[in-house]
Every structure is written in structure tokens, then in C-alpha cells.
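Trainee: My structure file work.txt, compact mmCIF, C-alpha atoms, is below:
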# COMPACT_ATOMS: atom_id res chain seq x y z
CA MET A 448 -10.61 3.04 -15.18
CA GLN A 449 -9.81 2.27 -11.55
CA TRP A 450 -13.32 0.99 -10.78
CA LEU A 451 -13.35 -1.11 -13.91
CA ALA A 452 -10.03 -2.66 -12.87
CA VAL A 453 -11.37 -3.41 -9.38
CA GLY A 454 -14.45 -5.07 -10.92
CA ALA A 455 -12.20 -7.11 -13.19
CA ALA A 456 -10.10 -8.08 -10.17
CA MET A 457 -13.23 -9.30 -8.36
CA LEU A 458 -14.28 -11.39 -11.36
CA TRP A 459 -10.71 -12.68 -11.69
CA SER A 460 -10.78 -13.69 -8.02
CA ILE A 461 -14.01 -15.66 -8.52
CA PHE A 462 -12.56 -17.31 -11.62
CA GLN A 463 -9.39 -18.26 -9.75
CA LEU A 464 -11.47 -19.69 -6.91
CA GLY A 465 -13.06 -21.98 -9.49
CA MET A 466 -9.62 -22.97 -10.72
CA LEU A 467 -8.56 -23.71 -7.14
CA ILE A 468 -11.59 -25.96 -6.70
CA LEU A 469 -10.70 -27.69 -9.97
CA SER A 470 -7.13 -28.10 -8.68
CA LEU A 471 -8.47 -29.87 -5.60
CA GLN A 472 -9.92 -32.56 -7.87
CA PHE A 473 -6.43 -33.51 -9.04
CA CYS A 474 -5.91 -35.38 -5.76
CA MET A 475 -7.81 -38.29 -7.33
CA GLY A 476 -4.74 -38.89 -9.47
CA PHE A 477 -2.89 -40.16 -6.41
CA ILE A 478 -5.24 -43.14 -6.02
CA GLY A 479 -3.70 -46.32 -7.40
CA TYR A 480 -4.34 -49.87 -6.27
CA ASP A 481 -2.02 -51.81 -8.53
CA PRO A 482 1.51 -52.52 -7.29
CA ALA A 483 4.61 -51.41 -9.17
CA LYS A 484 6.08 -53.65 -11.83
CA ARG A 485 9.12 -55.60 -10.73
CA GLY A 486 12.16 -53.31 -10.79
CA TRP A 487 10.12 -50.14 -11.46
CA ALA A 488 9.27 -49.11 -7.90
CA TRP A 489 11.91 -46.36 -7.94
CA LEU A 490 10.29 -44.77 -11.01
CA LEU A 491 6.87 -44.98 -9.39
CA TYR A 492 8.30 -43.22 -6.34
CA LEU A 493 9.84 -40.47 -8.50
CA CYS A 494 6.52 -40.07 -10.33
CA PHE A 495 4.78 -39.69 -6.99
CA LEU A 496 7.24 -36.97 -5.94
CA GLY A 497 6.77 -35.16 -9.26
CA MET A 498 3.00 -35.41 -8.97
CA LEU A 499 3.14 -34.11 -5.41
CA ALA A 500 5.29 -31.13 -6.40
CA SER A 501 3.03 -30.29 -9.33
CA TYR A 502 -0.09 -30.73 -7.16
CA ILE A 503 1.25 -28.22 -4.64
CA SER A 504 2.03 -25.87 -7.53
CA LEU A 505 -1.50 -26.32 -8.88
CA MET A 506 -2.81 -25.18 -5.52
CA LEU A 507 -0.51 -22.14 -5.30
CA VAL A 508 -0.74 -20.77 -8.84
CA PRO A 509 -4.37 -19.52 -8.57
CA LEU A 510 -3.54 -17.77 -5.31
CA ILE A 511 -0.44 -16.11 -6.75
CA SER A 512 -2.32 -15.11 -9.89
CA THR A 513 -5.07 -13.50 -7.84
CA GLY A 514 -2.54 -11.63 -5.72
CA LEU A 515 -0.71 -10.34 -8.79
CA PHE A 516 -3.97 -9.26 -10.41
CA TRP A 517 -5.04 -7.29 -7.35
CA TYR A 518 -1.57 -5.81 -6.92
CA HIS A 519 -1.54 -4.48 -10.46
CA ALA A 520 -5.25 -3.54 -10.53
CA ILE A 521 -4.89 -1.16 -7.59
CA ASP A 522 -2.32 1.03 -9.37
CA ILE A 523 -3.39 0.41 -12.96
CA THR A 524 -2.36 2.83 -15.69
CA GLN A 525 -2.98 0.56 -18.68
CA TRP A 526 -4.42 -2.91 -19.22
CA GLY A 527 -0.99 -4.29 -20.05
CA ASP A 528 -0.12 -3.98 -16.37
CA LEU A 529 -2.26 -7.06 -15.71
CA MET A 530 -0.18 -9.34 -17.96
CA PRO A 531 1.94 -10.92 -15.16
CA ALA A 532 -1.23 -12.25 -13.51
CA ILE A 533 -2.54 -13.61 -16.79
CA GLN A 534 0.83 -15.19 -17.59
CA MET A 535 0.79 -16.82 -14.16
CA PHE A 536 -2.58 -18.31 -15.08
CA PHE A 537 -1.02 -19.88 -18.18
CA TYR A 538 1.54 -21.52 -15.90
CA TRP A 539 -1.37 -23.38 -14.29
CA PHE A 540 -2.02 -25.18 -17.60
CA ALA A 541 1.67 -26.03 -17.95
CA VAL A 542 1.79 -27.48 -14.43
CA ALA A 543 -1.42 -29.42 -15.10
CA ALA A 544 0.22 -30.94 -18.20
CA VAL A 545 3.27 -31.93 -16.09
CA PHE A 546 0.94 -33.51 -13.50
CA PHE A 547 -0.82 -35.57 -16.17
CA ALA A 548 2.52 -36.63 -17.68
CA PHE A 549 3.65 -37.94 -14.29
CA LEU A 550 0.27 -39.61 -13.82
CA MET A 551 0.57 -41.35 -17.18
CA LEU A 552 4.10 -42.50 -16.37
CA SER A 553 3.05 -43.80 -12.95
CA GLU A 554 0.21 -45.79 -14.52
CA TRP A 555 2.68 -47.27 -16.98
CA THR A 556 4.89 -48.48 -14.11
CA ARG A 557 2.02 -50.25 -12.38
CA GLU A 558 1.39 -53.96 -12.88
CA LYS A 559 -2.04 -54.66 -14.31
CA ARG A 560 -3.91 -57.51 -12.67
CA ASN A 561 -6.87 -59.49 -13.97
CA GLY A 562 -10.19 -58.27 -12.71
CA TRP A 563 -8.94 -54.69 -12.34
CA GLY A 564 -10.27 -52.91 -15.38
CA PRO A 565 -11.40 -53.72 -18.90
CA VAL A 566 -10.31 -56.87 -20.72
CA THR A 567 -7.62 -55.90 -23.24
CA ASN A 568 -7.18 -59.11 -25.26
CA GLN A 569 -8.47 -62.66 -25.65
CA SER A 570 -5.91 -64.24 -23.31
CA ASP A 571 -7.09 -61.89 -20.54
CA ALA A 572 -10.69 -62.88 -21.34
CA ALA A 573 -9.73 -66.57 -21.06
CA ASP A 574 -7.98 -65.86 -17.75
CA ASP A 575 -11.10 -64.06 -16.51
CA VAL A 576 -13.31 -67.00 -17.49
CA SER A 577 -10.99 -69.52 -15.81
CA ALA A 578 -10.78 -67.33 -12.72
CA GLN A 579 -14.58 -67.06 -12.61
CA SER A 580 -14.96 -70.85 -12.92
CA ALA A 581 -12.39 -71.34 -10.13
CA ILE A 582 -14.39 -68.97 -7.92
CA GLU A 583 -17.60 -70.86 -8.68
CA GLN A 584 -15.93 -74.21 -7.92
CA ARG A 585 -14.56 -72.89 -4.61
CA SER A 586 -17.98 -71.49 -3.73
CA ALA A 587 -19.62 -74.85 -4.44
CA GLN A 588 -16.95 -76.63 -2.39
CA MET A 589 -17.49 -74.27 0.54
CA THR A 590 -21.26 -74.78 0.35
CA THR A 591 -20.73 -78.56 0.41
CA GLU A 592 -18.35 -78.28 3.37
CA GLN A 593 -20.83 -76.10 5.26
CA ALA A 594 -23.65 -78.54 4.59
CA THR A 595 -21.47 -81.47 5.70
CA ALA A 596 -20.48 -79.60 8.85
CA GLY A 597 -24.15 -78.90 9.58
CA GLN A 598 -25.07 -82.59 9.19
CA THR A 599 -22.21 -83.61 11.47
CA THR A 600 -23.50 -81.25 14.13
CA ILE A 601 -27.01 -82.67 13.84
CA GLU A 602 -25.73 -86.25 13.97
CA GLN A 603 -23.71 -85.47 17.09
CA THR A 604 -26.70 -83.99 18.91
CA GLU A 605 -29.27 -86.61 17.84
CA PRO A 606 -27.54 -89.66 19.45
CA ASN A 607 -27.47 -87.77 22.72
CA LYS A 608 -31.23 -87.31 22.52
CA HIS A 609 -31.75 -91.03 21.89
CA GLU A 610 -29.43 -92.03 24.73
CA ASN A 611 -31.36 -89.83 27.18
CA ASN A 612 -34.70 -91.33 26.06
CA SER A 613 -33.57 -94.95 26.57
For the structure just supplied, provide its representation as C-alpha cells.
Mentor:
Amino acid sequence: MQWLAVGAAMLWSIFQLGMLILSLQFCMGFIGYDPAKRGWAWLLYLCFLGMLASYISLMLVPLISTGLFWYHAIDITQWGDLMPAIQMFFYWFAVAAVFFAFLMLSEWTREKRNGWGPVTNQSDAADDVSAQSAIEQRSAQMTTEQATAGQTTIEQTEPNKHENNS
């Protein structure tokens, strides 16, 4: 039974390594470009602290679970001795749920801006169309200004050429 427990501990270690790699992907939850809604910055800050604490826990739980599994597998007398390590693994799912709850709350406190995500209703679509037309008008104005500036430069250099030829 001892060798079987050591083999199970090796497989458990590989599985927990996979969970640790999955935990590393949770760092993408910290990326947010939208500013906080007016008056909600304190809640966004608290959400960040909660997410940070749960992220650190997500990184530690697989390591603790592996350590407990090996500790109990070395002196195993029955398979029930491994339950603390398996229970610790269930804590990983609870901490992941807490992380996602804080992530959802932090997204709620952020101010959504036009052009940053899908259009949610017709007024946003109208705003997007008017914003696009304003961009096109500004682009056309800049092109006209650049062309005018180029003609001015040519006109300034051409009289000098004629004066030198006279």
C-alpha cells in the first residue's frame, strides 16, 4: 500500500502543478482600463485588495495540498488519511469563486466608455456613429490643413527661385 500511496502522491503533485499553472492565469483579472465610476473608487480599491488576497491564496493552496498529500502518504495506514489534502483542494475552488466575485464587483464599479466593448443599446450605437463621423470629419480637416501647409511651403520657395532668375 505504501508504494501505491507514493504513486498517488506523484500523480497528485503533477495534478497540483497543473492547478498552479491555471492559478497563474488568474492574473489577467487584474487588467482593467476603464476608470472607476464617480464615488466608487473606494469600492474598486477594496475589490482589488480582495482579489489580491484571493490570488495569493490561489497560488498557495496547490502547494499546501501537495505538501499535505505527501505528508500523509508517507505514513499511510488507510486512504482516509489523505482527506485533509483533498479538502484543501476543495478550498481552491472556494477561493476561485471569491476571486471571481471580486472581479465581477470591480467590473461593476468601472465606468463603461464608448468604443470599449460591444454596443449594448441603440443610444450607444448612435453615439458610436456620431463619434465615427466626428473622427472622419477631423481626419478630413487634418488632410486639408496638411495640403494647405504643403502649398504654402511650395509658394514660399517658388518666389525665391523666380527672384534669383531675374
Trainee: Would you kindly return, as a ChimeraX atom specification, each protein, DNA or RNA residue with an atom no farther than 12 Å from any atom of Leu493 (chain A), considering all atoms listed in the file and excluding same-chain residues fewer than 6 positions away?
Mentor: /A:487,499-500,549-550,552-553,556
Trainee: As an exercise, work out the distance from CA of Ala541 (chain A) to CA of Ser460 (chain A) in Å and give it to one decimal place.
Mentor: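 CA of Ser460 (chain A) lies at a distance of 20.1 Å from CA of Ala541 (chain A).
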Trainee: Env of Ile523 (chain A): 12 Å cut, atoms = all atoms listed in the file, seq-sep filter 3 positions within chain, self excluded. Answer as a PyMOL selection string.
Mentor: chain A and resi 448-453+455-456+515-520+526-530
Trainee: Restricting it to C-alpha atoms, dump the selection as a PDB file, keeping the file's coordinate frame.
Mentor:
ATOM      1  CA  MET A 448     -10.610   3.040 -15.180  1.00  0.00           C
ATOM      2  CA  GLN A 449      -9.810   2.270 -11.550  1.00  0.00           C
ATOM      3  CA  TRP A 450     -13.320   0.990 -10.780  1.00  0.00           C
ATOM      4  CA  LEU A 451     -13.350  -1.110 -13.910  1.00  0.00           C
ATOM      5  CA  ALA A 452     -10.030  -2.660 -12.870  1.00  0.00           C
ATOM      6  CA  VAL A 453     -11.370  -3.410  -9.380  1.00  0.00           C
ATOM      7  CA  ALA A 455     -12.200  -7.110 -13.190  1.00  0.00           C
ATOM      8  CA  ALA A 456     -10.100  -8.080 -10.170  1.00  0.00           C
ATOM      9  CA  LEU A 515      -0.710 -10.340  -8.790  1.00  0.00           C
ATOM     10  CA  PHE A 516      -3.970  -9.260 -10.410  1.00  0.00           C
ATOM     11  CA  TRP A 517      -5.040  -7.290  -7.350  1.00  0.00           C
ATOM     12  CA  TYR A 518      -1.570  -5.810  -6.920  1.00  0.00           C
ATOM     13  CA  HIS A 519      -1.540  -4.480 -10.460  1.00  0.00           C
ATOM     14  CA  ALA A 520      -5.250  -3.540 -10.530  1.00  0.00           C
ATOM     15  CA  TRP A 526      -4.420  -2.910 -19.220  1.00  0.00           C
ATOM     16  CA  GLY A 527      -0.990  -4.290 -20.050  1.00  0.00           C
ATOM     17  CA  ASP A 528      -0.120  -3.980 -16.370  1.00  0.00           C
ATOM     18  CA  LEU A 529      -2.260  -7.060 -15.710  1.00  0.00           C
ATOM     19  CA  MET A 530      -0.180  -9.340 -17.960  1.00  0.00           C
TER      20      MET A 530
END
Trainee: By how many Å are CA of Met498 (chain A) and CA of Gly479 (chain A) apart?
Mentor: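 These two atoms are separated by 12.9 Å.
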Trainee: Between CA of Ser512 (chain A) and CA of Gln534 (chain A), what is the distance, to one decimal in Å?
Mentor: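 Distance reported for this atom pair: 8.3 Å.
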Trainee: Starting from the point (-0.3, -22.9, -12.3), work out which residues of protein, DNA or RNA have an atom no more than 6 Å away when counting all atoms listed in the file; state them as a PyMOL selection string.
Mentor: chain A and resi 505+508+536+538-539+542
Trainee: Which one of A:Leu467, A:Ile521, A:Phe473, A:Ala543 sits closest to Gly454 (chain A) if you count all atoms listed in the file?
Mentor: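 When distances to Gly454 (chain A) are compared using all atoms listed in the file, the smallest one comes from A:Ile521.
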Trainee: Quick one: what's the axis-aligned box for region 481-484 of chain A, all listed atoms, 6 Å on every side, centre and edges in Å to one decimal, as JSON?
Mentor:
{"center_x": 2.0, "center_y": -52.5, "center_z": -9.6, "size_x": 20.1, "size_y": 14.2, "size_z": 16.5}
Trainee: Determine the nearest neighbour of Phe477 (chain A) from the options A:Ile582, A:Leu490, A:Leu496, A:Met506, counting all atoms listed in the file.
Mentor: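 Answer, going by the shortest atom-to-atom distance: A:Leu496.
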Trainee: Could you add whatever atoms are missing so that region 473-484 of chain A carries all heavy atoms, then write the result as an mmCIF file, in the coordinates of the input?
Mentor:
data_model
loop_
_atom_site.group_PDB
_atom_site.id
_atom_site.type_symbol
_atom_site.label_atom_id
_atom_site.label_comp_id
_atom_site.auth_asym_id
_atom_site.auth_seq_id
_atom_site.Cartn_x
_atom_site.Cartn_y
_atom_site.Cartn_z
ATOM 1 N N PHE A 473 -7.600 -32.779 -8.549
ATOM 2 C CA PHE A 473 -6.430 -33.510 -9.040
ATOM 3 C C PHE A 473 -5.921 -34.527 -8.017
ATOM 4 O O PHE A 473 -5.139 -35.399 -8.361
ATOM 5 C CB PHE A 473 -5.303 -32.533 -9.388
ATOM 6 C CG PHE A 473 -5.446 -31.880 -10.730
ATOM 7 C CD1 PHE A 473 -6.514 -31.059 -11.006
ATOM 8 C CD2 PHE A 473 -4.501 -32.086 -11.707
ATOM 9 C CE1 PHE A 473 -6.653 -30.446 -12.232
ATOM 10 C CE2 PHE A 473 -4.623 -31.479 -12.942
ATOM 11 C CZ PHE A 473 -5.701 -30.660 -13.206
ATOM 12 N N CYS A 474 -6.370 -34.431 -6.782
ATOM 13 C CA CYS A 474 -5.910 -35.380 -5.760
ATOM 14 C C CYS A 474 -6.359 -36.802 -6.094
ATOM 15 O O CYS A 474 -5.776 -37.767 -5.609
ATOM 16 C CB CYS A 474 -6.388 -34.965 -4.378
ATOM 17 S SG CYS A 474 -8.157 -35.123 -4.121
ATOM 18 N N MET A 475 -7.370 -36.945 -6.933
ATOM 19 C CA MET A 475 -7.810 -38.290 -7.330
ATOM 20 C C MET A 475 -6.741 -39.012 -8.148
ATOM 21 O O MET A 475 -6.776 -40.226 -8.265
ATOM 22 C CB MET A 475 -9.106 -38.208 -8.141
ATOM 23 C CG MET A 475 -10.269 -37.694 -7.362
ATOM 24 S SD MET A 475 -10.592 -38.782 -5.974
ATOM 25 C CE MET A 475 -11.760 -37.819 -5.080
ATOM 26 N N GLY A 476 -5.819 -38.270 -8.714
ATOM 27 C CA GLY A 476 -4.740 -38.890 -9.470
ATOM 28 C C GLY A 476 -3.782 -39.682 -8.607
ATOM 29 O O GLY A 476 -3.038 -40.525 -9.104
ATOM 30 N N PHE A 477 -3.789 -39.440 -7.312
ATOM 31 C CA PHE A 477 -2.890 -40.160 -6.410
ATOM 32 C C PHE A 477 -3.408 -41.550 -6.052
ATOM 33 O O PHE A 477 -2.692 -42.340 -5.461
ATOM 34 C CB PHE A 477 -2.666 -39.355 -5.123
ATOM 35 C CG PHE A 477 -1.857 -38.126 -5.331
ATOM 36 C CD1 PHE A 477 -2.443 -36.885 -5.357
ATOM 37 C CD2 PHE A 477 -0.491 -38.217 -5.519
ATOM 38 C CE1 PHE A 477 -1.699 -35.745 -5.553
ATOM 39 C CE2 PHE A 477 0.277 -37.086 -5.720
ATOM 40 C CZ PHE A 477 -0.334 -35.847 -5.740
ATOM 41 N N ILE A 478 -4.659 -41.850 -6.375
ATOM 42 C CA ILE A 478 -5.240 -43.140 -6.020
ATOM 43 C C ILE A 478 -4.775 -44.175 -7.032
ATOM 44 O O ILE A 478 -4.983 -44.030 -8.229
ATOM 45 C CB ILE A 478 -6.774 -43.074 -5.992
ATOM 46 C CG1 ILE A 478 -7.217 -42.067 -4.941
ATOM 47 C CG2 ILE A 478 -7.363 -44.450 -5.732
ATOM 48 C CD1 ILE A 478 -8.700 -41.806 -4.937
ATOM 49 N N GLY A 479 -4.150 -45.226 -6.547
ATOM 50 C CA GLY A 479 -3.700 -46.320 -7.400
ATOM 51 C C GLY A 479 -3.618 -47.590 -6.579
ATOM 52 O O GLY A 479 -2.963 -47.617 -5.542
ATOM 53 N N TYR A 480 -4.294 -48.626 -7.034
ATOM 54 C CA TYR A 480 -4.340 -49.870 -6.270
ATOM 55 C C TYR A 480 -3.348 -50.911 -6.750
ATOM 56 O O TYR A 480 -2.995 -51.820 -6.025
ATOM 57 C CB TYR A 480 -5.751 -50.465 -6.322
ATOM 58 C CG TYR A 480 -6.786 -49.568 -5.698
ATOM 59 C CD1 TYR A 480 -7.706 -48.889 -6.466
ATOM 60 C CD2 TYR A 480 -6.818 -49.388 -4.323
ATOM 61 C CE1 TYR A 480 -8.645 -48.069 -5.889
ATOM 62 C CE2 TYR A 480 -7.748 -48.563 -3.743
ATOM 63 C CZ TYR A 480 -8.665 -47.915 -4.530
ATOM 64 O OH TYR A 480 -9.588 -47.092 -3.951
ATOM 65 N N ASP A 481 -2.922 -50.803 -7.985
ATOM 66 C CA ASP A 481 -2.020 -51.810 -8.530
ATOM 67 C C ASP A 481 -0.600 -51.586 -8.032
ATOM 68 O O ASP A 481 -0.143 -50.449 -7.924
ATOM 69 C CB ASP A 481 -2.032 -51.748 -10.056
ATOM 70 C CG ASP A 481 -3.385 -52.139 -10.636
ATOM 71 O OD1 ASP A 481 -4.043 -52.998 -10.021
ATOM 72 O OD2 ASP A 481 -3.771 -51.598 -11.681
ATOM 73 N N PRO A 482 0.123 -52.669 -7.745
ATOM 74 C CA PRO A 482 1.510 -52.520 -7.290
ATOM 75 C C PRO A 482 2.427 -52.165 -8.457
ATOM 76 O O PRO A 482 2.052 -52.281 -9.625
ATOM 77 C CB PRO A 482 1.840 -53.909 -6.734
ATOM 78 C CG PRO A 482 0.959 -54.827 -7.505
ATOM 79 C CD PRO A 482 -0.314 -54.070 -7.766
ATOM 80 N N ALA A 483 3.634 -51.759 -8.137
ATOM 81 C CA ALA A 483 4.610 -51.410 -9.170
ATOM 82 C C ALA A 483 5.119 -52.675 -9.852
ATOM 83 O O ALA A 483 5.176 -53.748 -9.249
ATOM 84 C CB ALA A 483 5.774 -50.648 -8.550
ATOM 85 N N LYS A 484 5.469 -52.530 -11.122
ATOM 86 C CA LYS A 484 6.080 -53.650 -11.830
ATOM 87 C C LYS A 484 7.416 -53.953 -11.171
ATOM 88 O O LYS A 484 8.038 -53.099 -10.553
ATOM 89 C CB LYS A 484 6.315 -53.277 -13.299
ATOM 90 C CG LYS A 484 5.063 -53.148 -14.112
ATOM 91 C CD LYS A 484 5.409 -52.737 -15.538
ATOM 92 C CE LYS A 484 4.165 -52.496 -16.341
ATOM 93 N NZ LYS A 484 4.471 -51.978 -17.684
#
